[in-house]
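Read the structure below first, then the notes.
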Amino acid sequence: MNILKENIDLNFVKRWEALKIPPVVSSILYRRGIRDDLQMFDFFHLTPGMLPSPYLFPDLSCAYKRISEAIGNKEKILLFGDRDVDGITSIHILYRFLFEHGANITWQLPIGSEPYGLTMEKAESFIGNYDLLITADCGITNYNEINRLKECGIDTIIIDHHQPLENIPGALCIINPKYKYGLAENDMAACAVSLYFVLGYLYYMSGKTGTVDRVIYDGREWIFCDLIEIEKAPENEKVGHLITLSKLPGWRKDLPEEFKHLYVREVYLNQITGDIPEWNQTLERFLPYAALGTISDIMPLNQHTNRLIVSLGIKRMKTAVDSALHLLFSHQNIDIQLLNSTDLSWRVTPILNSAGRMGDARIAEYFIDEDYGLFMNENFEKIISMNEQRRIQGDAGVQMFADMLDENAAKYGGYLNFFYSQCIGRGVLGITAARLSDLSGRPVIVGVVDDKYLSGSIRANTNVHLVDFLSKAGDLLEEFGGHKNAAGFRMKIENLNAFTDFLVNNASYFALSNADDSDEIAVDAQIPGNYLDLTQLYRQIAMLEPFGERNPVPLLFTSGLKILSYTAVGKSKEHLKLIFAGKDNQPVSAVYWGHAGWFAENCHADKSFSVLYRLEINCFRSAVTVQMNIENMEEEV
């Protein structure tokens, strides 16, 4: 194996070792681009007092004023969302909160063959029936539909996180981190935006908006307005709280001085929000759902805001598990005390997603909503059945096109694949495209056609933003939108040939983003065999949780490993179970999936081996152990 291990700044590692961060952890983060003290602080300091202010979205007060008017006038409010986990958790957070605060509110999700987002037909059905529309996880690309509602006197509040297009809808308020605010961290899920939205509403109802608060500590003054630190109070200052601190909880003199303002804000936020009725209860109640949606929508977990929500959400799941989520965890044989982001990503959110993919996301919403508690088991059985249908349809979709990947890509210069059929399930377009993309290493578009439209999904691991790519064909598409590596669209069937020509002429757009052909493997850390203690190493690596997008489980490398024992396991004896000699010759467990035959034919057990692996927990017959999950293994000469 040709291992690439980027050099690190030893002074950085030593400085953080003095602050109780193990060298292997700071080394991994340094190689992942976290190289200054404030970045490190943000990465590890995940407490409720570090939540960003909801008022980073300047349009919030406008939205709150309109909602308050609607509640006071008993206007009819419609909450319209998306069918995936991010959509249903956004709906859950917003609906439960607003309903319980007096709103005359109902919700809708796309069902059956209805496309993502608003359609003009759907918008027309709102006219005369609702006074205010709130979109959740959609809306930013619905220019025509929302403008039509505006013409008919229906205001719209957009709560979304998708990429805005050139034409911005004429909504009353737009709450979207990718909109015009210039946020440093704008890759957050709609459910996270929804969580901030309801917390901000509590702050608004407390009458604190616009007030200027001051915190005095150690001879210095910090100024805050709407939970945001500001340099100078405005001339027409609306005086708020004066907080004088004799000590600063958590602060240590060995910490860098530049951290002090963060601890000051943490104390300030805890004190101000602690005086707001319902703040802490609302936060604890909805954090698990914000975490689920954030993980399901594959938001980057190297960003502080997302790490904070997922970390706190998982802690809340462990200490006060909602009965619906508990049922899911139990069905998946997940030990609640060992619950982590990987469990949620691979074993929980796909099940919740299956309801929407199979045509009725309402079942998932009913399942997690308290009002339908009496039917929880019934809805759970429906979701499990839908998940099995999704799995079968997904497998069928992959099998339909897998053998044609290379031949099909030749039409597009070898840069992408485009498949469509009348037979593929609409609900599995995305997962089919993703699995085919994994197989081919190329962007893959999969579509389903009927008499009028082709609905498609595109998935890719690429540096090209897929929404930007689709925008080049915007004149051919009825609608499109999505994220950097996952997008969807709908077009009239009469434009299919023109769209195919577009792909032929523009597929090379992905050329510069293709995977590096180098045979070098970049690793997060190299662990000497004589230091290999999996239990201790796992405890240290776990400090990097929650793992996920842009913060994967570390890829580790160890050379010179000796085998103490090995055996073939599995129904067909296709997997390899090994015991290596680690620190002080202590046994180190490892598994190499699908490679028992390779080992039997090519390797000599008395040789030394180089091993590329990630650490994982193995639960077997109530025993919990740490093991290597091997990704590559070579016999050393």
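By convention here, the chains of the structure tokens are called A, B, ... in the order presented, each chain's residues are numbered starting at 1, and ligands are numbered starting at 1 in the order presented.
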If you run DSSP over the backbone, which residues in region 310-417 of chain A end up helix (DSSP H, G or I)? Put them as a PyMOL selection string. chain A and resi 310-319+323-331+336-338+341-357+362-368+370-410
So that I can see what lies close to Gln163 (chain A), please list as JSON, numbers by chain the residues with an atom at most 12 Å from it, counting only C-alpha atoms and leaving out residues fewer than 2 positions away in the same chain. {"A": [137, 138, 139, 140, 141, 142, 160, 161, 165, 166, 167, 168, 176, 177, 178, 179, 180, 186, 187, 188, 189, 190, 465, 466, 467, 468, 470, 471, 480, 481, 482, 483, 484, 485, 486, 487]}
Can you write just those residues out, N, CA, C and O atoms, as a CSV table (one decimal), in the first residue's frame?
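Writing the result to result27.csv gives the following:
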```
chain,number,residue,atom,x,y,z
A,137,ASP,N,-38.6,22.8,4.3
A,137,ASP,CA,-37.7,22.0,3.5
A,137,ASP,C,-38.1,22.1,2.0
A,137,ASP,O,-37.8,21.2,1.2
A,138,CYS,N,-38.7,23.2,1.6
A,138,CYS,CA,-39.0,23.4,0.2
A,138,CYS,C,-39.4,24.9,0.1
A,138,CYS,O,-39.5,25.6,1.1
A,139,GLY,N,-39.7,25.3,-1.1
A,139,GLY,CA,-40.2,26.7,-1.3
A,139,GLY,C,-39.3,27.6,-2.0
A,139,GLY,O,-39.7,28.5,-2.8
A,140,ILE,N,-38.0,27.5,-1.8
A,140,ILE,CA,-37.1,28.5,-2.3
A,140,ILE,C,-37.0,28.5,-3.8
A,140,ILE,O,-36.7,29.5,-4.5
A,141,THR,N,-37.4,27.4,-4.5
A,141,THR,CA,-37.3,27.3,-5.9
A,141,THR,C,-38.7,27.5,-6.6
A,141,THR,O,-38.9,27.4,-7.8
A,142,ASN,N,-39.7,27.7,-5.7
A,142,ASN,CA,-41.1,27.8,-6.2
A,142,ASN,C,-41.5,29.2,-6.5
A,142,ASN,O,-42.4,29.8,-5.9
A,160,ASP,N,-36.4,26.9,4.5
A,160,ASP,CA,-35.8,26.0,3.6
A,160,ASP,C,-34.3,26.0,3.8
A,160,ASP,O,-33.7,26.9,4.5
A,161,HIS,N,-33.6,25.2,3.1
A,161,HIS,CA,-32.1,25.2,3.1
A,161,HIS,C,-31.5,24.8,1.8
A,161,HIS,O,-30.3,24.7,1.6
A,165,LEU,N,-32.3,29.8,-6.6
A,165,LEU,CA,-32.0,30.0,-8.0
A,165,LEU,C,-32.0,31.5,-8.3
A,165,LEU,O,-32.1,32.3,-7.4
A,166,GLU,N,-31.9,31.8,-9.6
A,166,GLU,CA,-31.7,33.2,-10.0
A,166,GLU,C,-33.0,34.0,-9.6
A,166,GLU,O,-32.9,35.1,-9.1
A,167,ASN,N,-34.2,33.4,-9.8
A,167,ASN,CA,-35.4,34.1,-9.5
A,167,ASN,C,-35.9,33.7,-8.1
A,167,ASN,O,-36.1,32.5,-7.8
A,168,ILE,N,-36.0,34.7,-7.2
A,168,ILE,CA,-36.4,34.4,-5.8
A,168,ILE,C,-37.9,34.7,-5.6
A,168,ILE,O,-38.4,35.7,-6.1
A,176,ASN,N,-33.5,31.0,5.2
A,176,ASN,CA,-32.8,30.0,4.5
A,176,ASN,C,-31.3,30.3,4.7
A,176,ASN,O,-30.9,31.4,4.3
A,177,PRO,N,-30.5,29.4,5.2
A,177,PRO,CA,-29.1,29.7,5.5
A,177,PRO,C,-28.3,30.0,4.2
A,177,PRO,O,-27.2,30.6,4.3
A,178,LYS,N,-28.8,29.5,3.1
A,178,LYS,CA,-28.1,29.7,1.8
A,178,LYS,C,-28.6,31.0,1.1
A,178,LYS,O,-28.2,31.2,-0.1
A,179,TYR,N,-29.4,31.7,1.7
A,179,TYR,CA,-30.0,32.9,1.1
A,179,TYR,C,-29.0,34.1,1.2
A,179,TYR,O,-27.8,33.8,0.9
A,180,LYS,N,-29.3,35.2,1.6
A,180,LYS,CA,-28.5,36.4,1.4
A,180,LYS,C,-27.7,36.8,2.7
A,180,LYS,O,-27.0,37.8,2.7
A,186,ASN,N,-23.4,27.6,6.3
A,186,ASN,CA,-24.7,27.7,5.7
A,186,ASN,C,-25.2,26.3,5.3
A,186,ASN,O,-26.3,26.2,4.7
A,187,ASP,N,-24.5,25.2,5.6
A,187,ASP,CA,-25.0,23.9,5.2
A,187,ASP,C,-25.7,23.3,6.4
A,187,ASP,O,-25.1,22.4,7.1
A,188,MET,N,-26.9,23.7,6.7
A,188,MET,CA,-27.6,23.1,7.8
A,188,MET,C,-29.0,22.6,7.2
A,188,MET,O,-29.5,23.2,6.2
A,189,ALA,N,-29.5,21.6,7.8
A,189,ALA,CA,-30.8,21.0,7.3
A,189,ALA,C,-31.9,21.9,7.7
A,189,ALA,O,-31.9,22.7,8.6
A,190,ALA,N,-33.1,21.7,7.0
A,190,ALA,CA,-34.3,22.5,7.2
A,190,ALA,C,-34.8,22.2,8.6
A,190,ALA,O,-35.3,23.2,9.3
A,465,HIS,N,-21.3,21.4,-8.1
A,465,HIS,CA,-22.6,21.5,-7.5
A,465,HIS,C,-23.7,21.1,-8.4
A,465,HIS,O,-23.8,21.7,-9.5
A,466,LEU,N,-24.4,20.1,-8.1
A,466,LEU,CA,-25.4,19.5,-9.0
A,466,LEU,C,-26.5,20.4,-9.4
A,466,LEU,O,-27.0,20.4,-10.5
A,467,VAL,N,-26.9,21.3,-8.5
A,467,VAL,CA,-27.9,22.3,-8.8
A,467,VAL,C,-27.4,23.3,-9.9
A,467,VAL,O,-28.1,23.6,-10.8
A,468,ASP,N,-26.1,23.7,-9.7
A,468,ASP,CA,-25.5,24.5,-10.7
A,468,ASP,C,-25.5,23.9,-12.1
A,468,ASP,O,-25.7,24.5,-13.1
A,470,LEU,N,-27.6,21.5,-13.2
A,470,LEU,CA,-28.9,21.4,-13.7
A,470,LEU,C,-29.4,22.8,-14.2
A,470,LEU,O,-30.2,22.9,-15.2
A,471,SER,N,-28.9,23.8,-13.6
A,471,SER,CA,-29.3,25.2,-14.0
A,471,SER,C,-28.9,25.5,-15.4
A,471,SER,O,-29.6,26.3,-16.1
A,480,PHE,N,-36.4,22.2,-10.6
A,480,PHE,CA,-35.2,21.5,-10.2
A,480,PHE,C,-34.7,22.1,-8.9
A,480,PHE,O,-35.0,23.2,-8.5
A,481,GLY,N,-33.9,21.3,-8.2
A,481,GLY,CA,-33.3,21.8,-6.9
A,481,GLY,C,-32.6,20.7,-6.2
A,481,GLY,O,-32.6,19.6,-6.6
A,482,GLY,N,-32.1,21.1,-5.0
A,482,GLY,CA,-31.4,20.1,-4.2
A,482,GLY,C,-30.1,20.6,-3.5
A,482,GLY,O,-30.0,21.7,-3.2
A,483,HIS,N,-29.2,19.7,-3.4
A,483,HIS,CA,-27.9,20.0,-2.7
A,483,HIS,C,-26.7,19.8,-3.7
A,483,HIS,O,-26.9,19.5,-4.8
A,484,LYS,N,-25.6,19.9,-3.1
A,484,LYS,CA,-24.3,19.9,-3.9
A,484,LYS,C,-24.2,18.5,-4.5
A,484,LYS,O,-23.9,18.4,-5.7
A,485,ASN,N,-24.4,17.4,-3.8
A,485,ASN,CA,-24.2,16.1,-4.3
A,485,ASN,C,-25.5,15.3,-4.5
A,485,ASN,O,-25.4,14.1,-4.8
A,486,ALA,N,-26.6,15.9,-4.4
A,486,ALA,CA,-27.9,15.2,-4.6
A,486,ALA,C,-28.9,16.2,-5.0
A,486,ALA,O,-29.2,17.2,-4.3
A,487,ALA,N,-29.5,16.0,-6.2
A,487,ALA,CA,-30.5,16.9,-6.7
A,487,ALA,C,-31.6,16.2,-7.5
A,487,ALA,O,-31.4,15.0,-7.8
```
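Using only C-alpha atoms, the contacts of Leu439 (chain A) at a cut-off of 9 Å, with sequence neighbours closer than 3 positions omitted, comprise Ala402, Leu405, Ala434, Arg435, Leu436 and Arg442 of chain A.
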With C-alpha atoms retained, write the just-selected residues as an mmCIF file, in the first residue's frame.
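Saved to result_33.cif:
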```
data_model
loop_
_atom_site.group_PDB
_atom_site.id
_atom_site.type_symbol
_atom_site.label_atom_id
_atom_site.label_comp_id
_atom_site.auth_asym_id
_atom_site.auth_seq_id
_atom_site.Cartn_x
_atom_site.Cartn_y
_atom_site.Cartn_z
ATOM 1 C CA ALA A 402 -25.846 -2.070 -13.380
ATOM 2 C CA LEU A 405 -22.969 1.393 -16.781
ATOM 3 C CA ALA A 434 -26.578 6.820 -5.422
ATOM 4 C CA ARG A 435 -25.822 3.096 -5.537
ATOM 5 C CA LEU A 436 -25.064 3.185 -9.262
ATOM 6 C CA ARG A 442 -19.464 8.739 -11.965
#
```
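Excluding region 584-596 of chain A itself and same-chain residues fewer than 5 positions from it, the residues having an atom within 9 Å of it are A:Asn530, A:Tyr531, A:Leu532, A:Asp533, A:Leu534, A:Leu564, A:Thr567, A:Ala568, A:Val569, A:Lys573, A:Glu574, A:His575, A:Leu576, A:Lys577, A:Leu578, A:Ile579, A:Glu601, A:Tyr613, A:Thr625, A:Val626, A:Gln627, A:Met628, A:Asn629, A:Ile630, A:Glu631, A:Asn632, A:Met633, counting only C-alpha atoms.
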Using only C-alpha atoms, which protein or nucleic acid residues come within 9 Å of Arg32 (chain A)? Drop anything in the same chain fewer than 5 positions from it, and give the result as an mmCIF file with N, CA and C atoms, in the first residue's frame.
```
data_model
loop_
_atom_site.group_PDB
_atom_site.id
_atom_site.type_symbol
_atom_site.label_atom_id
_atom_site.label_comp_id
_atom_site.auth_asym_id
_atom_site.auth_seq_id
_atom_site.Cartn_x
_atom_site.Cartn_y
_atom_site.Cartn_z
ATOM 1 N N SER A 27 -3.885 15.271 15.900
ATOM 2 C CA SER A 27 -3.209 14.988 14.631
ATOM 3 C C SER A 27 -4.227 14.732 13.523
ATOM 4 N N ASP A 524 -5.661 9.031 8.143
ATOM 5 C CA ASP A 524 -5.780 10.022 9.211
ATOM 6 C C ASP A 524 -4.665 9.888 10.234
ATOM 7 N N ARG A 550 -18.112 14.638 5.922
ATOM 8 C CA ARG A 550 -16.922 15.464 6.132
ATOM 9 C C ARG A 550 -16.287 15.292 7.503
ATOM 10 N N ASN A 551 -16.774 14.334 8.260
ATOM 11 C CA ASN A 551 -16.117 13.943 9.500
ATOM 12 C C ASN A 551 -16.281 12.430 9.663
#
```
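Omitting region 286-300 of chain A and its sequence neighbours fewer than 6 positions away, and counting only C-alpha atoms, the residues within 7 Å are Val85, Asp86, Thr89, Ile93, Asp187, Met188, Ala189, Cys191, Ala192, Leu195, Asn306, Ile309, Val310, Leu312, Gly313, Ile314, Arg316, Met317, Ser345, Thr349, Glu549 and Arg550 of chain A.
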With N, CA, C and O atoms retained, write the just-selected residues as a CSV table (one decimal), in the first residue's frame.
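Okay, out.csv is ready:
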```csv
chain,number,residue,atom,x,y,z
A,85,VAL,N,-36.9,12.6,5.6
A,85,VAL,CA,-36.8,12.7,7.0
A,85,VAL,C,-36.6,14.2,7.4
A,85,VAL,O,-37.1,14.6,8.4
A,86,ASP,N,-35.8,14.9,6.7
A,86,ASP,CA,-35.6,16.3,7.0
A,86,ASP,C,-37.0,17.0,6.9
A,86,ASP,O,-37.3,17.9,7.7
A,89,THR,N,-39.3,15.8,9.9
A,89,THR,CA,-38.9,16.3,11.2
A,89,THR,C,-39.1,17.9,11.3
A,89,THR,O,-39.4,18.4,12.3
A,93,ILE,N,-41.5,19.6,14.1
A,93,ILE,CA,-41.1,20.6,15.0
A,93,ILE,C,-42.0,21.9,14.9
A,93,ILE,O,-42.5,22.4,15.9
A,187,ASP,N,-24.5,25.2,5.6
A,187,ASP,CA,-25.0,23.9,5.2
A,187,ASP,C,-25.7,23.3,6.4
A,187,ASP,O,-25.1,22.4,7.1
A,188,MET,N,-26.9,23.7,6.7
A,188,MET,CA,-27.6,23.1,7.8
A,188,MET,C,-29.0,22.6,7.2
A,188,MET,O,-29.5,23.2,6.2
A,189,ALA,N,-29.5,21.6,7.8
A,189,ALA,CA,-30.8,21.0,7.3
A,189,ALA,C,-31.9,21.9,7.7
A,189,ALA,O,-31.9,22.7,8.6
A,191,CYS,N,-34.6,21.0,9.2
A,191,CYS,CA,-35.1,20.8,10.5
A,191,CYS,C,-34.3,21.6,11.6
A,191,CYS,O,-34.8,22.0,12.6
A,192,ALA,N,-33.0,21.8,11.3
A,192,ALA,CA,-32.2,22.6,12.2
A,192,ALA,C,-32.7,24.1,12.1
A,192,ALA,O,-32.8,24.8,13.1
A,195,LEU,N,-35.7,24.3,14.1
A,195,LEU,CA,-35.5,24.4,15.5
A,195,LEU,C,-35.1,25.8,16.0
A,195,LEU,O,-35.6,26.3,17.0
A,306,ASN,N,-23.9,22.0,13.0
A,306,ASN,CA,-24.4,20.6,12.8
A,306,ASN,C,-23.9,19.7,13.9
A,306,ASN,O,-24.7,18.8,14.4
A,309,ILE,N,-25.9,20.2,17.1
A,309,ILE,CA,-27.3,19.7,17.1
A,309,ILE,C,-27.3,18.2,17.2
A,309,ILE,O,-28.1,17.6,17.9
A,310,VAL,N,-26.4,17.6,16.4
A,310,VAL,CA,-26.4,16.1,16.4
A,310,VAL,C,-25.9,15.5,17.8
A,310,VAL,O,-26.5,14.6,18.3
A,312,LEU,N,-26.0,17.0,20.8
A,312,LEU,CA,-26.9,17.2,21.8
A,312,LEU,C,-28.2,16.4,21.6
A,312,LEU,O,-28.8,15.9,22.6
A,313,GLY,N,-28.6,16.2,20.3
A,313,GLY,CA,-29.7,15.4,20.0
A,313,GLY,C,-29.5,13.9,20.4
A,313,GLY,O,-30.5,13.3,21.0
A,314,ILE,N,-28.4,13.4,20.2
A,314,ILE,CA,-28.1,12.0,20.6
A,314,ILE,C,-28.1,11.8,22.1
A,314,ILE,O,-28.6,10.9,22.6
A,316,ARG,N,-29.8,13.6,24.1
A,316,ARG,CA,-31.1,13.6,24.6
A,316,ARG,C,-31.9,12.3,24.3
A,316,ARG,O,-32.7,11.8,25.1
A,317,MET,N,-31.6,11.7,23.2
A,317,MET,CA,-32.2,10.4,22.9
A,317,MET,C,-31.8,9.3,23.9
A,317,MET,O,-32.6,8.4,24.3
A,345,SER,N,-27.6,7.0,11.0
A,345,SER,CA,-27.5,7.1,9.6
A,345,SER,C,-27.8,5.9,8.8
A,345,SER,O,-28.5,5.9,7.8
A,349,THR,N,-32.6,6.3,10.1
A,349,THR,CA,-33.2,7.2,9.2
A,349,THR,C,-33.7,6.6,7.9
A,349,THR,O,-34.7,7.0,7.3
A,549,GLU,N,-20.9,13.0,7.4
A,549,GLU,CA,-20.4,13.7,6.2
A,549,GLU,C,-19.3,14.7,6.6
A,549,GLU,O,-19.4,15.5,7.5
A,550,ARG,N,-18.1,14.6,5.9
A,550,ARG,CA,-16.9,15.5,6.1
A,550,ARG,C,-16.3,15.3,7.5
A,550,ARG,O,-15.4,16.0,7.9
```
Going by DSSP on the backbone, which bits of region 360-488 of chain A are strand (DSSP E)? Write them as number ranges by chain, please. A: 417-421, 444-449, 453-459, 479-482, 486-488
Which neighbours of Gln422 (chain A) fall inside 9 Å, counting only C-alpha atoms, when residues of the same chain fewer than 4 positions from it are skipped, and could you give them as an NGL selection string? :A and (447-450)
For N, CA, C and O atoms, I'd like the residues from the last selection saved as an mmCIF file, in the first residue's frame.
```
data_model
loop_
_atom_site.group_PDB
_atom_site.id
_atom_site.type_symbol
_atom_site.label_atom_id
_atom_site.label_comp_id
_atom_site.auth_asym_id
_atom_site.auth_seq_id
_atom_site.Cartn_x
_atom_site.Cartn_y
_atom_site.Cartn_z
ATOM 1 N N GLY A 447 -34.149 8.321 -13.975
ATOM 2 C CA GLY A 447 -35.459 8.944 -14.114
ATOM 3 C C GLY A 447 -36.558 7.927 -14.358
ATOM 4 O O GLY A 447 -36.315 6.811 -14.813
ATOM 5 N N VAL A 448 -37.774 8.338 -14.031
ATOM 6 C CA VAL A 448 -38.958 7.550 -14.340
ATOM 7 C C VAL A 448 -39.833 8.395 -15.266
ATOM 8 O O VAL A 448 -39.970 9.604 -15.077
ATOM 9 N N VAL A 449 -40.397 7.749 -16.285
ATOM 10 C CA VAL A 449 -41.191 8.486 -17.275
ATOM 11 C C VAL A 449 -42.635 8.011 -17.250
ATOM 12 O O VAL A 449 -42.936 6.845 -16.971
ATOM 13 N N ASP A 450 -43.531 8.972 -17.518
ATOM 14 C CA ASP A 450 -44.928 8.635 -17.775
ATOM 15 C C ASP A 450 -45.337 9.339 -19.067
ATOM 16 O O ASP A 450 -44.469 9.750 -19.845
#
```
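For the residues A:His162, A:Ile21, A:Arg83, A:Leu248, ranking by smallest atom-to-atom distance to Leu352 (chain A) using only C-alpha atoms places A:Arg83 first.
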Top pick for closest residue to Thr535 (chain A), considering A:Glu388, A:Glu266, A:Asp218, A:Glu616 and counting only C-alpha atoms: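 Of the candidates, the smallest distance to Thr535 (chain A) is held by A:Glu616.
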